[in-house]
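> Sending over a structure as structure tokens; questions will come in a sec.
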Amino acid sequence: MRALVQQAKIHLRRAALGAGRIVGPHGSQQLASAYGLYEIGAWMRDHCSRTPLIVGEEFDVYLVAAERMATASRPLYLEFGVFQGRSLRWWSSHLMQPNAQLIGFDSFAGLPHDWIGDFDKGALATPPASLRRPTRRTRRWLVRGHAAHLRRA
Ligand SMILES: C[S@@+](CC[C@H](N)C(=O)[O-])C[C@H]1O[C@@H](n2cnc3c(N)ncnc32)[C@H](O)[C@@H]1O
């Protein structure tokens with residue numbers, strides 16, 4: 001087992017080195033994101049025995065989750081990080097229950113610190129006024145605030 005893990009580490013190093021040599025700036029973002037998945041895998045090893053679902057794109061995983069929520073009588077969808085409302089609108093049009101509630105939290109002041117790739121501190125700042133105004137009809141609400149200020153009720 002130990003030898004297998006060693007082999008896997010060597011393969012991973014070789015793959016990362018090879019990828020780094022051929023990808024451009026966008027690729028380095030994908031590599032950073034792959035490293036994020038590696039960290040999640042390490043967390044799962046200690047905390048979770050379920051086999052994760054692997055899908056091609058972000059919206060594929062939303063579709064699986066939306067199917068699971070289809071039978072909920074009063075779904076509550078909380079989104080931490082709204083930006084321009086793309087994913088919040090997706091959920092608004094896929095949670096068909098009329099009494100579903102969707103609440104989006106964001107500082108709208110951009111990232112609090114440097115993130116992966118070219119996303120520096122302050123990137124993704126979005127004045128809420130530039131968002132299509134949520135209404136009672138759309139069942140969406142926006143809450144402005146910094147994640148660190150959210151407290152357990
Ligand atoms: C990647 S964007 C979200 C994209 C969005 N979910 C979509 O699919 O279109 C991340 C958002 O999280 C917000 N954000 C990041 N860290 C935050 C924090 N600590 N507190 C509040 N908002 C934060 C940023 O302002 C930004 O709008």
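FYI, nothing fancy with the structure tokens labels: chains A, B, ... in order, residues from 1 per chain, ligands from 1 as they appear.
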If we count only C-alpha atoms, what is near segment 117-121 of chain A at a cut-off of 12 Å, once residues fewer than 6 positions away on the same chain are taken out, given as a list of chain:residue names?
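Contacts, in chain order: A:Gly24, A:Pro25, A:His26, A:Gly27, A:Ser28, A:Gln29, A:Gln30, A:Leu31, A:Ala32, A:Ser33, A:Ala109, A:Gly110, A:Leu111.
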> Emit the selected residues as a PDB file, in the first residue's frame, including N, CA and C atoms.

ATOM      1  N   GLY A  24      -0.960  27.624 -20.491  1.00  0.00           N
ATOM      2  CA  GLY A  24      -0.771  29.079 -20.401  1.00  0.00           C
ATOM      3  C   GLY A  24      -1.323  29.598 -19.096  1.00  0.00           C
ATOM      4  N   PRO A  25      -1.600  30.928 -19.036  1.00  0.00           N
ATOM      5  CA  PRO A  25      -2.086  31.528 -17.790  1.00  0.00           C
ATOM      6  C   PRO A  25      -3.426  30.961 -17.335  1.00  0.00           C
ATOM      7  N   HIS A  26      -4.303  30.653 -18.319  1.00  0.00           N
ATOM      8  CA  HIS A  26      -5.601  30.097 -17.943  1.00  0.00           C
ATOM      9  C   HIS A  26      -5.406  28.712 -17.324  1.00  0.00           C
ATOM     10  N   GLY A  27      -4.414  27.985 -17.864  1.00  0.00           N
ATOM     11  CA  GLY A  27      -4.127  26.648 -17.359  1.00  0.00           C
ATOM     12  C   GLY A  27      -3.668  26.680 -15.927  1.00  0.00           C
ATOM     13  N   SER A  28      -2.916  27.730 -15.561  1.00  0.00           N
ATOM     14  CA  SER A  28      -2.427  27.765 -14.178  1.00  0.00           C
ATOM     15  C   SER A  28      -3.600  27.938 -13.215  1.00  0.00           C
ATOM     16  N   GLN A  29      -4.649  28.615 -13.702  1.00  0.00           N
ATOM     17  CA  GLN A  29      -5.854  28.745 -12.874  1.00  0.00           C
ATOM     18  C   GLN A  29      -6.492  27.361 -12.681  1.00  0.00           C
ATOM     19  N   GLN A  30      -6.510  26.585 -13.783  1.00  0.00           N
ATOM     20  CA  GLN A  30      -7.108  25.245 -13.684  1.00  0.00           C
ATOM     21  C   GLN A  30      -6.272  24.347 -12.780  1.00  0.00           C
ATOM     22  N   LEU A  31      -4.947  24.539 -12.831  1.00  0.00           N
ATOM     23  CA  LEU A  31      -4.095  23.731 -11.954  1.00  0.00           C
ATOM     24  C   LEU A  31      -4.348  24.088 -10.489  1.00  0.00           C
ATOM     25  N   ALA A  32      -4.511  25.410 -10.245  1.00  0.00           N
ATOM     26  CA  ALA A  32      -4.792  25.840  -8.873  1.00  0.00           C
ATOM     27  C   ALA A  32      -6.111  25.232  -8.417  1.00  0.00           C
ATOM     28  N   SER A  33      -7.068  25.193  -9.315  1.00  0.00           N
ATOM     29  CA  SER A  33      -8.361  24.637  -8.954  1.00  0.00           C
ATOM     30  C   SER A  33      -8.240  23.114  -8.737  1.00  0.00           C
ATOM     31  N   ALA A 109     -18.230  43.722  -2.338  1.00  0.00           N
ATOM     32  CA  ALA A 109     -17.020  44.551  -2.331  1.00  0.00           C
ATOM     33  C   ALA A 109     -15.852  43.794  -2.962  1.00  0.00           C
ATOM     34  N   GLY A 110     -16.134  42.614  -3.530  1.00  0.00           N
ATOM     35  CA  GLY A 110     -15.069  41.833  -4.156  1.00  0.00           C
ATOM     36  C   GLY A 110     -14.379  40.921  -3.156  1.00  0.00           C
ATOM     37  N   LEU A 111     -13.342  40.247  -3.638  1.00  0.00           N
ATOM     38  CA  LEU A 111     -12.681  39.245  -2.800  1.00  0.00           C
ATOM     39  C   LEU A 111     -11.936  39.896  -1.638  1.00  0.00           C
TER      40      LEU A 111
END
> I'd like the contact shell of segment 76-85 of chain A - 12 Å cut-off, only C-alpha atoms, skipping same-chain residues fewer than 6 positions apart - returned as a ChimeraX atom specification.
/A:62,65-66,69-70,91-92,94-112,123-134,139-148,150
> In Å, with one decimal, what is the gap from atom CA of Thr51 of chain A to atom CA of Glu67 of chain A?
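That distance, rounded to one decimal, is 18.9 Å.
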> Using DSSP secondary structure from the backbone, list all strand (DSSP E) positions within chain A, as JSON, numbers by chain.
{"A": [76, 77, 78, 79, 80, 101, 102, 103, 104, 105, 106, 140, 141, 142, 143, 144]}
> Record the distance separating atom CA of Ala34 of chain A and atom 14 (N, counted along the ligand's line) of ligand 1, expressed in Å with one decimal.
20.4 Å
> Just checking: using only C-alpha atoms and all ligand atoms, which residue out of A:Ser49, A:Gln6, A:Ser87, A:Ser73 ends up closest to ligand 1?
A:Ser87
> Between A:Leu4, A:Val23, A:Leu88, A:Ile116, which residue has the minimum interatomic distance to ligand 1, considering only C-alpha atoms and all ligand atoms?
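Looking only at the distances to ligand 1, the closest residue turns out to be A:Leu88.
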> Pick from A:His149, A:Arg13, A:Ile54, A:Tyr38: nearest to ligand 1, with only C-alpha atoms and all ligand atoms counted?
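Nearest to ligand 1: A:His149.
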> Could you give me, as number ranges by chain, each residue of chain A that DSSP assigns to alpha helix (DSSP H) when run on this structure's backbone?
A: 2-22, 25-47, 58-69, 86-94
